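Text of the file final_1.pdb, holding PDB, C-alpha atoms, pLDDT in the B column:
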ATOM      1  CA  ASP M   1      44.448  21.303-128.441  1.00 49.00           C
ATOM      2  CA  SER M   2      45.366  20.304-124.887  1.00 46.00           C
ATOM      3  CA  GLY M   3      48.494  18.471-126.051  1.00 49.00           C
ATOM      4  CA  SER M   4      49.954  21.519-127.769  1.00 49.00           C
ATOM      5  CA  LYS M   5      49.023  23.693-124.784  1.00 47.00           C
ATOM      6  CA  ILE M   6      50.973  21.411-122.439  1.00 45.00           C
ATOM      7  CA  LYS M   7      53.925  21.469-124.809  1.00 53.00           C
ATOM      8  CA  ARG M   8      53.914  25.273-124.836  1.00 51.00           C
ATOM      9  CA  THR M   9      53.826  25.562-121.037  1.00 57.00           C
ATOM     10  CA  LEU M  10      56.173  22.683-120.173  1.00 71.00           C
ATOM     11  CA  ARG M  11      59.602  23.707-118.934  1.00 88.00           C
ATOM     12  CA  ARG M  12      62.510  21.597-117.842  1.00 92.00           C
ATOM     13  CA  ARG M  13      65.081  22.890-115.404  1.00 95.00           C
ATOM     14  CA  ARG M  14      68.033  21.397-113.619  1.00 95.00           C
ATOM     15  CA  VAL M  15      67.712  20.897-109.864  1.00 97.00           C
ATOM     16  CA  ASN M  16      71.118  20.572-108.217  1.00 97.00           C
ATOM     17  CA  PHE M  17      72.016  18.457-105.218  1.00 97.00           C
ATOM     18  CA  MET M  18      74.562  19.272-102.532  1.00 95.00           C
ATOM     19  CA  ASN M  19      76.693  16.276-103.550  1.00 93.00           C
ATOM     20  CA  GLY M  20      77.366  17.807-106.976  1.00 92.00           C
ATOM     21  CA  GLN M  21      74.820  15.714-108.854  1.00 95.00           C
ATOM     22  CA  HIS M  22      71.523  16.886-110.324  1.00 96.00           C
ATOM     23  CA  GLN M  23      68.246  15.849-111.924  1.00 96.00           C
ATOM     24  CA  VAL M  24      66.137  17.578-114.569  1.00 96.00           C
ATOM     25  CA  ALA M  25      62.693  18.420-113.179  1.00 95.00           C
ATOM     26  CA  HIS M  26      59.534  19.205-115.118  1.00 92.00           C
ATOM     27  CA  PHE M  27      57.596  22.444-114.714  1.00 94.00           C
ATOM     28  CA  PHE M  28      54.338  21.243-116.240  1.00 90.00           C
ATOM     29  CA  ARG M  29      52.545  24.554-115.728  1.00 91.00           C
ATOM     30  CA  GLY M  30      55.394  26.680-116.989  1.00 91.00           C
ATOM     31  CA  MET M  31      55.863  29.916-115.047  1.00 93.00           C
ATOM     32  CA  ASP M  32      52.846  29.054-112.881  1.00 94.00           C
ATOM     33  CA  THR M  33      54.257  25.719-111.673  1.00 95.00           C
ATOM     34  CA  PRO M  34      54.358  25.718-107.840  1.00 97.00           C
ATOM     35  CA  ALA M  35      57.404  24.559-105.944  1.00 97.00           C
ATOM     36  CA  SER M  36      55.412  21.638-104.526  1.00 97.00           C
ATOM     37  CA  ASP M  37      54.954  20.159-108.019  1.00 96.00           C
ATOM     38  CA  VAL M  38      58.635  20.537-108.874  1.00 97.00           C
ATOM     39  CA  ILE M  39      59.925  18.941-105.703  1.00 97.00           C
ATOM     40  CA  GLN M  40      57.488  16.030-106.003  1.00 96.00           C
ATOM     41  CA  ASP M  41      58.898  15.389-109.467  1.00 96.00           C
ATOM     42  CA  VAL M  42      62.415  15.369-107.986  1.00 97.00           C
ATOM     43  CA  TYR M  43      61.375  12.981-105.209  1.00 97.00           C
ATOM     44  CA  LYS M  44      60.138  10.515-107.811  1.00 96.00           C
ATOM     45  CA  LEU M  45      63.431  10.742-109.682  1.00 96.00           C
ATOM     46  CA  ILE M  46      65.565  10.074-106.597  1.00 96.00           C
ATOM     47  CA  LYS M  47      63.076   7.512-105.192  1.00 96.00           C
ATOM     48  CA  LEU M  48      62.682   9.211-101.812  1.00 97.00           C
ATOM     49  CA  ARG M  49      59.988   7.653 -99.653  1.00 96.00           C
ATOM     50  CA  ARG M  50      56.987   9.886 -98.926  1.00 96.00           C
ATOM     51  CA  GLU M  51      57.432   9.946 -95.142  1.00 95.00           C
ATOM     52  CA  PHE M  52      60.783  11.719 -95.594  1.00 97.00           C
ATOM     53  CA  HIS M  53      59.663  14.368 -98.082  1.00 97.00           C
ATOM     54  CA  SER M  54      59.285  17.031 -95.381  1.00 96.00           C
ATOM     55  CA  LEU M  55      63.017  16.860 -94.617  1.00 97.00           C
ATOM     56  CA  PHE M  56      63.858  18.754 -97.790  1.00 98.00           C
ATOM     57  CA  ALA M  57      62.805  21.816 -99.744  1.00 97.00           C
ATOM     58  CA  LEU M  58      63.406  23.493-103.068  1.00 98.00           C
ATOM     59  CA  TRP M  59      65.841  26.413-102.886  1.00 97.00           C
ATOM     60  CA  ILE M  60      67.093  29.115-105.214  1.00 96.00           C
ATOM     61  CA  ILE M  61      70.740  29.879-104.506  1.00 94.00           C
ATOM     62  CA  SER M  62      73.212  32.389-105.906  1.00 92.00           C
ATOM     63  CA  ASP M  63      76.461  33.871-104.619  1.00 87.00           C
ATOM     64  CA  SER M  64      74.737  36.560-102.566  1.00 86.00           C
ATOM     65  CA  LEU M  65      71.343  35.164-101.650  1.00 89.00           C
ATOM     66  CA  GLU M  66      69.746  31.850-100.653  1.00 92.00           C
ATOM     67  CA  LEU M  67      65.982  31.416-100.607  1.00 94.00           C
ATOM     68  CA  GLN M  68      63.984  28.406 -99.427  1.00 96.00           C
ATOM     69  CA  LEU M  69      60.710  28.160-101.353  1.00 97.00           C
ATOM     70  CA  GLY M  70      57.306  27.410 -99.887  1.00 96.00           C
ATOM     71  CA  ASP M  71      54.929  24.970-101.548  1.00 96.00           C
ATOM     72  CA  SER M  72      52.914  27.685-103.294  1.00 97.00           C
ATOM     73  CA  ASP M  73      55.888  29.744-104.483  1.00 97.00           C
ATOM     74  CA  LYS M  74      56.445  29.880-108.240  1.00 97.00           C
ATOM     75  CA  PRO M  75      60.118  28.964-108.807  1.00 97.00           C
ATOM     76  CA  LEU M  76      60.401  30.211-112.413  1.00 96.00           C
ATOM     77  CA  LYS M  77      58.817  33.553-111.532  1.00 96.00           C
ATOM     78  CA  LEU M  78      61.120  33.976-108.559  1.00 96.00           C
ATOM     79  CA  ILE M  79      64.274  33.146-110.470  1.00 95.00           C
ATOM     80  CA  SER M  80      63.209  35.589-113.190  1.00 94.00           C
ATOM     81  CA  ALA M  81      62.797  38.263-110.514  1.00 95.00           C
ATOM     82  CA  TRP M  82      66.174  37.484-108.917  1.00 94.00           C
ATOM     83  CA  PRO M  83      67.807  40.849-109.770  1.00 92.00           C
ATOM     84  CA  SER M  84      64.944  42.596-107.982  1.00 92.00           C
ATOM     85  CA  LEU M  85      65.302  40.325-104.948  1.00 91.00           C
ATOM     86  CA  LEU M  86      69.027  41.025-104.822  1.00 90.00           C
ATOM     87  CA  SER M  87      68.383  44.756-104.862  1.00 88.00           C
ATOM     88  CA  GLN M  88      65.870  44.332-102.067  1.00 88.00           C
ATOM     89  CA  TYR M  89      67.798  42.014 -99.751  1.00 84.00           C
ATOM     90  CA  VAL M  90      71.484  42.295-100.638  1.00 83.00           C
ATOM     91  CA  SER M  91      73.063  45.665-100.007  1.00 70.00           C
ATOM     92  CA  THR M  92      76.202  44.833-102.012  1.00 60.00           C
ATOM     93  CA  ALA M  93      74.327  43.689-105.110  1.00 43.00           C
ATOM     94  CA  THR M  94      75.801  45.149-108.269  1.00 46.00           C
ATOM     95  CA  THR M  95      73.600  43.346-110.732  1.00 45.00           C
ATOM     96  CA  LYS M  96      71.535  46.440-111.602  1.00 49.00           C
ATOM     97  CA  GLY M  97      68.745  44.669-113.423  1.00 47.00           C
ATOM     98  CA  SER M  98      70.721  41.635-114.505  1.00 48.00           C
ATOM     99  CA  ASN M  99      71.512  38.380-112.739  1.00 46.00           C
ATOM    100  CA  LYS M 100      74.831  38.106-114.550  1.00 53.00           C
ATOM    101  CA  GLY M 101      77.512  36.912-112.140  1.00 56.00           C
ATOM    102  CA  GLU M 102      74.985  35.667-109.609  1.00 71.00           C
ATOM    103  CA  GLY M 103      73.986  32.486-111.431  1.00 85.00           C
ATOM    104  CA  PRO M 104      70.835  31.681-109.437  1.00 94.00           C
ATOM    105  CA  ALA M 105      70.067  27.968-109.593  1.00 96.00           C
ATOM    106  CA  PHE M 106      67.595  25.501-108.143  1.00 97.00           C
ATOM    107  CA  TYR M 107      68.760  23.196-105.360  1.00 97.00           C
ATOM    108  CA  LEU M 108      67.281  20.407-103.282  1.00 97.00           C
ATOM    109  CA  ARG M 109      68.425  21.108 -99.743  1.00 97.00           C
ATOM    110  CA  ARG M 110      67.563  20.393 -96.156  1.00 97.00           C
ATOM    111  CA  ASN M 111      64.400  22.069 -94.906  1.00 97.00           C
ATOM    112  CA  ILE M 112      65.597  24.631 -92.342  1.00 94.00           C
ATOM    113  CA  PHE M 113      62.373  24.292 -90.352  1.00 94.00           C
ATOM    114  CA  ILE M 114      62.998  20.622 -89.533  1.00 94.00           C
ATOM    115  CA  PRO M 115      64.616  20.111 -86.092  1.00 92.00           C
ATOM    116  CA  PRO M 116      67.546  17.701 -85.675  1.00 91.00           C
ATOM    117  CA  SER M 117      65.303  15.526 -83.500  1.00 92.00           C
ATOM    118  CA  ARG M 118      63.308  14.680 -86.624  1.00 94.00           C
ATOM    119  CA  GLU M 119      66.483  13.663 -88.464  1.00 94.00           C
ATOM    120  CA  LYS M 120      67.461  11.285 -85.697  1.00 92.00           C
ATOM    121  CA  MET M 121      64.484   9.111 -86.604  1.00 93.00           C
ATOM    122  CA  VAL M 122      65.486   8.785 -90.267  1.00 94.00           C
ATOM    123  CA  SER M 123      66.296   5.287 -91.489  1.00 90.00           C
ATOM    124  CA  ASP M 124      65.900   5.734 -95.241  1.00 94.00           C
ATOM    125  CA  PRO M 125      69.294   5.495 -97.033  1.00 94.00           C
ATOM    126  CA  VAL M 126      68.323   8.036 -99.706  1.00 96.00           C
ATOM    127  CA  ALA M 127      67.259  10.598 -97.101  1.00 97.00           C
ATOM    128  CA  LEU M 128      70.415  10.002 -95.060  1.00 97.00           C
ATOM    129  CA  GLU M 129      72.615  10.416 -98.115  1.00 96.00           C
ATOM    130  CA  PHE M 130      71.066  13.798 -98.923  1.00 97.00           C
ATOM    131  CA  LEU M 131      71.192  14.977 -95.308  1.00 98.00           C
ATOM    132  CA  TYR M 132      74.848  13.972 -95.172  1.00 98.00           C
ATOM    133  CA  ALA M 133      75.583  15.806 -98.443  1.00 97.00           C
ATOM    134  CA  ASP M 134      73.987  18.955 -97.051  1.00 97.00           C
ATOM    135  CA  ALA M 135      75.959  18.865 -93.796  1.00 97.00           C
ATOM    136  CA  HIS M 136      79.168  17.886 -95.583  1.00 98.00           C
ATOM    137  CA  ARG M 137      78.954  20.829 -97.986  1.00 96.00           C
ATOM    138  CA  HIS M 138      78.349  23.240 -95.110  1.00 96.00           C
ATOM    139  CA  VAL M 139      81.412  21.919 -93.273  1.00 97.00           C
ATOM    140  CA  LEU M 140      83.629  22.230 -96.347  1.00 96.00           C
ATOM    141  CA  THR M 141      82.541  25.808 -97.043  1.00 93.00           C
ATOM    142  CA  GLY M 142      82.929  26.896 -93.425  1.00 92.00           C
ATOM    143  CA  TYR M 143      79.204  27.549 -93.145  1.00 92.00           C
ATOM    144  CA  TYR M 144      79.348  25.198 -90.158  1.00 95.00           C
ATOM    145  CA  PRO M 145      82.550  26.189 -88.327  1.00 95.00           C
ATOM    146  CA  CYS M 146      84.336  23.419 -86.472  1.00 96.00           C
ATOM    147  CA  SER M 147      87.597  22.807 -84.655  1.00 97.00           C
ATOM    148  CA  GLU M 148      90.633  21.300 -86.317  1.00 96.00           C
ATOM    149  CA  GLU M 149      90.099  18.001 -84.494  1.00 97.00           C
ATOM    150  CA  GLU M 150      86.458  17.872 -85.534  1.00 98.00           C
ATOM    151  CA  ALA M 151      87.357  18.587 -89.148  1.00 98.00           C
ATOM    152  CA  ILE M 152      89.881  15.727 -89.178  1.00 97.00           C
ATOM    153  CA  PHE M 153      87.374  13.341 -87.599  1.00 97.00           C
ATOM    154  CA  LEU M 154      84.644  14.245 -90.085  1.00 98.00           C
ATOM    155  CA  ALA M 155      87.116  14.021 -92.966  1.00 98.00           C
ATOM    156  CA  GLY M 156      87.959  10.467 -91.918  1.00 97.00           C
ATOM    157  CA  ILE M 157      84.278   9.548 -92.115  1.00 96.00           C
ATOM    158  CA  SER M 158      83.964  11.242 -95.506  1.00 97.00           C
ATOM    159  CA  MET M 159      86.936   9.211 -96.714  1.00 96.00           C
ATOM    160  CA  GLN M 160      85.203   6.008 -95.610  1.00 94.00           C
ATOM    161  CA  ILE M 161      82.008   7.016 -97.415  1.00 94.00           C
ATOM    162  CA  ALA M 162      83.768   8.059-100.611  1.00 94.00           C
ATOM    163  CA  TYR M 163      86.550   5.475-100.872  1.00 93.00           C
ATOM    164  CA  GLY M 164      85.589   2.569 -98.663  1.00 91.00           C
ATOM    165  CA  ASP M 165      87.916   0.769 -96.256  1.00 91.00           C
ATOM    166  CA  HIS M 166      91.403   2.110 -95.766  1.00 92.00           C
ATOM    167  CA  ASP M 167      93.932   0.395 -98.062  1.00 93.00           C
ATOM    168  CA  PRO M 168      97.553   1.195 -97.068  1.00 91.00           C
ATOM    169  CA  GLY M 169      98.675   0.476-100.612  1.00 92.00           C
ATOM    170  CA  VAL M 170      96.286   3.054-102.049  1.00 94.00           C
ATOM    171  CA  HIS M 171      95.450   5.524 -99.306  1.00 95.00           C
ATOM    172  CA  ARG M 172      98.992   6.669 -98.647  1.00 93.00           C
ATOM    173  CA  PRO M 173     100.652  10.124 -98.560  1.00 93.00           C
ATOM    174  CA  GLY M 174      99.875  11.893-101.809  1.00 93.00           C
ATOM    175  CA  PHE M 175      96.488  10.231-102.324  1.00 95.00           C
ATOM    176  CA  LEU M 176      94.688  13.347-101.134  1.00 94.00           C
ATOM    177  CA  ARG M 177      97.032  15.861-102.713  1.00 89.00           C
ATOM    178  CA  GLU M 178      94.411  16.933-105.256  1.00 91.00           C
ATOM    179  CA  ARG M 179      91.443  15.759-103.177  1.00 94.00           C
ATOM    180  CA  LEU M 180      91.949  17.422 -99.803  1.00 95.00           C
ATOM    181  CA  ALA M 181      89.287  20.046-100.557  1.00 95.00           C
ATOM    182  CA  GLU M 182      86.775  17.192-100.937  1.00 95.00           C
ATOM    183  CA  VAL M 183      87.071  16.253 -97.260  1.00 97.00           C
ATOM    184  CA  LEU M 184      88.404  19.274 -95.336  1.00 97.00           C
ATOM    185  CA  PRO M 185      87.180  22.866 -94.920  1.00 96.00           C
ATOM    186  CA  ALA M 186      88.695  25.301 -97.419  1.00 93.00           C
ATOM    187  CA  HIS M 187      90.878  27.105 -94.870  1.00 93.00           C
ATOM    188  CA  MET M 188      92.538  23.787 -94.008  1.00 94.00           C
ATOM    189  CA  SER M 189      92.778  22.232 -97.470  1.00 92.00           C
ATOM    190  CA  SER M 190      94.623  25.324 -98.758  1.00 90.00           C
ATOM    191  CA  SER M 191      96.792  25.680 -95.671  1.00 89.00           C
ATOM    192  CA  LYS M 192     100.583  25.458 -95.559  1.00 92.00           C
ATOM    193  CA  ARG M 193      99.977  22.463 -93.264  1.00 93.00           C
ATOM    194  CA  ARG M 194      98.368  20.467 -96.072  1.00 92.00           C
ATOM    195  CA  VAL M 195     100.842  17.597 -95.771  1.00 94.00           C
ATOM    196  CA  GLU M 196     100.258  17.306 -92.020  1.00 95.00           C
ATOM    197  CA  PHE M 197      96.486  17.455 -92.461  1.00 96.00           C
ATOM    198  CA  GLU M 198      96.561  14.773 -95.148  1.00 96.00           C
ATOM    199  CA  ARG M 199      98.563  12.471 -92.889  1.00 96.00           C
ATOM    200  CA  ARG M 200      96.100  12.969 -90.044  1.00 97.00           C
ATOM    201  CA  VAL M 201      93.060  12.394 -92.258  1.00 97.00           C
ATOM    202  CA  LEU M 202      94.541   9.164 -93.614  1.00 96.00           C
ATOM    203  CA  LEU M 203      95.257   7.991 -90.059  1.00 96.00           C
ATOM    204  CA  LYS M 204      91.707   8.802 -88.980  1.00 96.00           C
ATOM    205  CA  HIS M 205      90.356   6.980 -92.040  1.00 96.00           C
ATOM    206  CA  SER M 206      92.387   3.934 -91.023  1.00 95.00           C
ATOM    207  CA  GLU M 207      90.909   4.048 -87.509  1.00 93.00           C
ATOM    208  CA  ILE M 208      87.345   4.428 -88.771  1.00 93.00           C
ATOM    209  CA  SER M 209      87.767   1.566 -91.224  1.00 89.00           C
ATOM    210  CA  GLN M 210      88.179  -0.798 -88.300  1.00 84.00           C
ATOM    211  CA  LEU M 211      84.458  -0.234 -87.692  1.00 75.00           C
ATOM    212  CA  THR M 212      83.824  -1.421 -91.224  1.00 63.00           C
ATOM    213  CA  THR M 213      80.462  -2.390 -92.591  1.00 65.00           C
ATOM    214  CA  GLU M 214      79.333  -3.093 -96.125  1.00 65.00           C
ATOM    215  CA  ASP M 215      76.692  -0.390 -95.767  1.00 72.00           C
ATOM    216  CA  THR M 216      77.533   3.339 -95.795  1.00 79.00           C
ATOM    217  CA  GLN M 217      74.355   4.209 -93.887  1.00 87.00           C
ATOM    218  CA  PRO M 218      75.966   3.992 -90.397  1.00 90.00           C
ATOM    219  CA  PHE M 219      78.694   6.373 -91.553  1.00 94.00           C
ATOM    220  CA  TYR M 220      76.152   8.909 -92.808  1.00 95.00           C
ATOM    221  CA  MET M 221      74.536   8.709 -89.392  1.00 94.00           C
ATOM    222  CA  ARG M 222      77.845   9.010 -87.565  1.00 95.00           C
ATOM    223  CA  TYR M 223      78.765  12.155 -89.508  1.00 97.00           C
ATOM    224  CA  LEU M 224      75.347  13.684 -88.887  1.00 97.00           C
ATOM    225  CA  SER M 225      75.374  12.702 -85.212  1.00 96.00           C
ATOM    226  CA  HIS M 226      78.464  14.797 -84.703  1.00 97.00           C
ATOM    227  CA  CYS M 227      76.971  17.769 -86.551  1.00 97.00           C
ATOM    228  CA  TRP M 228      73.789  17.587 -84.476  1.00 96.00           C
ATOM    229  CA  GLN M 229      75.841  18.592 -81.427  1.00 95.00           C
ATOM    230  CA  TRP M 230      76.364  22.074 -82.855  1.00 96.00           C
ATOM    231  CA  SER M 231      73.840  24.679 -81.734  1.00 93.00           C
ATOM    232  CA  TYR M 232      73.992  26.262 -85.195  1.00 93.00           C
ATOM    233  CA  TYR M 233      73.267  23.050 -87.108  1.00 94.00           C
ATOM    234  CA  GLY M 234      70.425  23.636 -89.532  1.00 89.00           C
ATOM    235  CA  CYS M 235      70.629  27.422 -89.226  1.00 86.00           C
ATOM    236  CA  THR M 236      70.707  29.850 -92.113  1.00 80.00           C
ATOM    237  CA  PHE M 237      73.000  32.855 -91.935  1.00 76.00           C
ATOM    238  CA  PHE M 238      72.647  36.271 -93.533  1.00 68.00           C
ATOM    239  CA  ASP M 239      75.156  39.074 -93.960  1.00 66.00           C
ATOM    240  CA  GLY M 240      74.426  42.063 -91.735  1.00 59.00           C
ATOM    241  CA  THR M 241      74.594  45.649 -92.891  1.00 55.00           C
TER     242      THR M 241
END

As structure tokens, the full file:
Amino acid sequence: DSGSKIKRTLRRRRVNFMNGQHQVAHFFRGMDTPASDVIQDVYKLIKLRREFHSLFALWIISDSLELQLGDSDKPLKLISAWPSLLSQYVSTATTKGSNKGEGPAFYLRRNIFIPPSREKMVSDPVALEFLYADAHRHVLTGYYPCSEEEAIFLAGISMQIAYGDHDPGVHRPGFLRERLAEVLPAHMSSSKRRVEFERRVLLKHSEISQLTTEDTQPFYMRYLSHCWQWSYYGCTFFDGT
């Protein structure tokens, strides 16, 4: 019957977010489920308003390859064909018929075809949170290169978002010892100057807290506003051969 047919074709897969969280989406048509159906299911789960849906897209990401899916793409078919895609697009691929070591996974990420001017009109807190998470991850990984001063400034904003107003009794030297990688790019968080960088981030957090508000939305916008200045914001990079 139709009920058993749906049960046979239904698949559930994890869709990851750039902030480290995830939701389990339904693939109601199994291997033939289009990306548009999957992402609509995710939007319902995160309660994203319809007018902001175009800001994001479903991606498949592994260590060597990142692919933004179109509405008609079949995510489960593509992820099953990942070894073939690696062989086609990644010259250093060593998977040889297996995706072992690559760990392709589904992600909800910023739509690369959306210009920053569109983001500047966003007022929805859910959309801003996800846009911030996307930019923040790219800063931490060095995908978006920035100066030392910029990194400290952005880290201060991230501190405000993650931990609220600066509290001298809590946010003191040592607080970020095991957390520095959560706010600074990897090359700085693992630097021999870690102690200096922590001190500067805490000072910047203290300064930013003076602009306090009960809502984190202005801080999402402030972080993004700085990133929008970069000519490479929103770009996707590929290794050359």

Legend entry - Target residues per the PyMOL selection byres ((chain M and resi 72) around 7), formatted as a list in words: Pro34, Ala35, Ser36, Gly70, Asp71, Asp73 and Lys74 of chain M

Inset, instruction - Compare M:Leu69, M:Leu211, M:Ala127, M:Leu76 by their minimum atom-to-atom distance to Arg13 of chain M, counting all atoms listed in the file, and give me the closest one. - result: M:Leu76

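The nearest approach to Asn111 of chain M among the residues M:Gly234, M:Gly169, M:Gly20, M:Pro125, with only C-alpha atoms taken into account, belongs to M:Gly234.
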
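Residues matched by the PyMOL selection byres ((chain M and resi 136-144) around 8) in this structure: M:Met18, M:Asn19, M:Tyr132, M:Ala133, M:Asp134, M:Ala135, M:Pro145, M:Cys146, M:Ala151, M:Ala181, M:Glu182, M:Val183, M:Leu184, M:Pro185, M:Ala186, M:Tyr232, M:Tyr233.
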
Sel. within 10 Å of pt (53.9, 30.4, -115.2), counting only C-alpha atoms, output as an mmCIF file with C-alpha atoms, in the coordinates of the input:
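Output below, filename result-v8.cif:
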data_model
loop_
_atom_site.group_PDB
_atom_site.id
_atom_site.type_symbol
_atom_site.label_atom_id
_atom_site.label_comp_id
_atom_site.auth_asym_id
_atom_site.auth_seq_id
_atom_site.Cartn_x
_atom_site.Cartn_y
_atom_site.Cartn_z
ATOM 1 C CA THR M 9 53.826 25.562 -121.037
ATOM 2 C CA LEU M 10 56.173 22.683 -120.173
ATOM 3 C CA ARG M 11 59.602 23.707 -118.934
ATOM 4 C CA PHE M 27 57.596 22.444 -114.714
ATOM 5 C CA PHE M 28 54.338 21.243 -116.240
ATOM 6 C CA ARG M 29 52.545 24.554 -115.728
ATOM 7 C CA GLY M 30 55.394 26.680 -116.989
ATOM 8 C CA MET M 31 55.863 29.916 -115.047
ATOM 9 C CA ASP M 32 52.846 29.054 -112.881
ATOM 10 C CA THR M 33 54.257 25.719 -111.673
ATOM 11 C CA PRO M 34 54.358 25.718 -107.840
ATOM 12 C CA LYS M 74 56.445 29.880 -108.240
ATOM 13 C CA PRO M 75 60.118 28.964 -108.807
ATOM 14 C CA LEU M 76 60.401 30.211 -112.413
ATOM 15 C CA LYS M 77 58.817 33.553 -111.532
#

Inset, instruction - Select all residues near (95.6, 10.4, -99.8) (cut-off 10 Å, inclusive, file coordinates), counting all atoms listed in the file, and output them as a list of chain:residue names. - result: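 Those residues lying close to the given coordinates are M:Met159, M:Pro168, M:Val170, M:His171, M:Arg172, M:Pro173, M:Gly174, M:Phe175, M:Leu176, M:Arg177, M:Glu178, M:Arg179, M:Leu180, M:Val195, M:Glu198, M:Arg199, M:Val201, M:Leu202, M:His205.
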
Legend entry - Separation of atom CA of Arg194 of chain M from atom CA of Gly156 of chain M in Å: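 The value is 15.0 Å.
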
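For the residues M:Lys192, M:Glu119, M:Lys47, M:Ile60, ranking by smallest atom-to-atom distance to Ser80 of chain M using all atoms listed in the file places M:Ile60 first.
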
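Across the structure, atom CA of Lys204 of chain M and atom CA of Ile157 of chain M are spaced 8.1 Å apart.
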
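Closest approach to Leu131 of chain M from the set M:Thr236, M:Gln88, M:Ser231, M:Ser225 is made by M:Ser225, with distances taken over all atoms listed in the file.
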
Inset, instruction - In Å, rounded to a single decimal, give me how far atom CA of Ser158 of chain M is from atom CA of Phe52 of chain M. - result: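 These atoms are spaced 23.2 Å apart.
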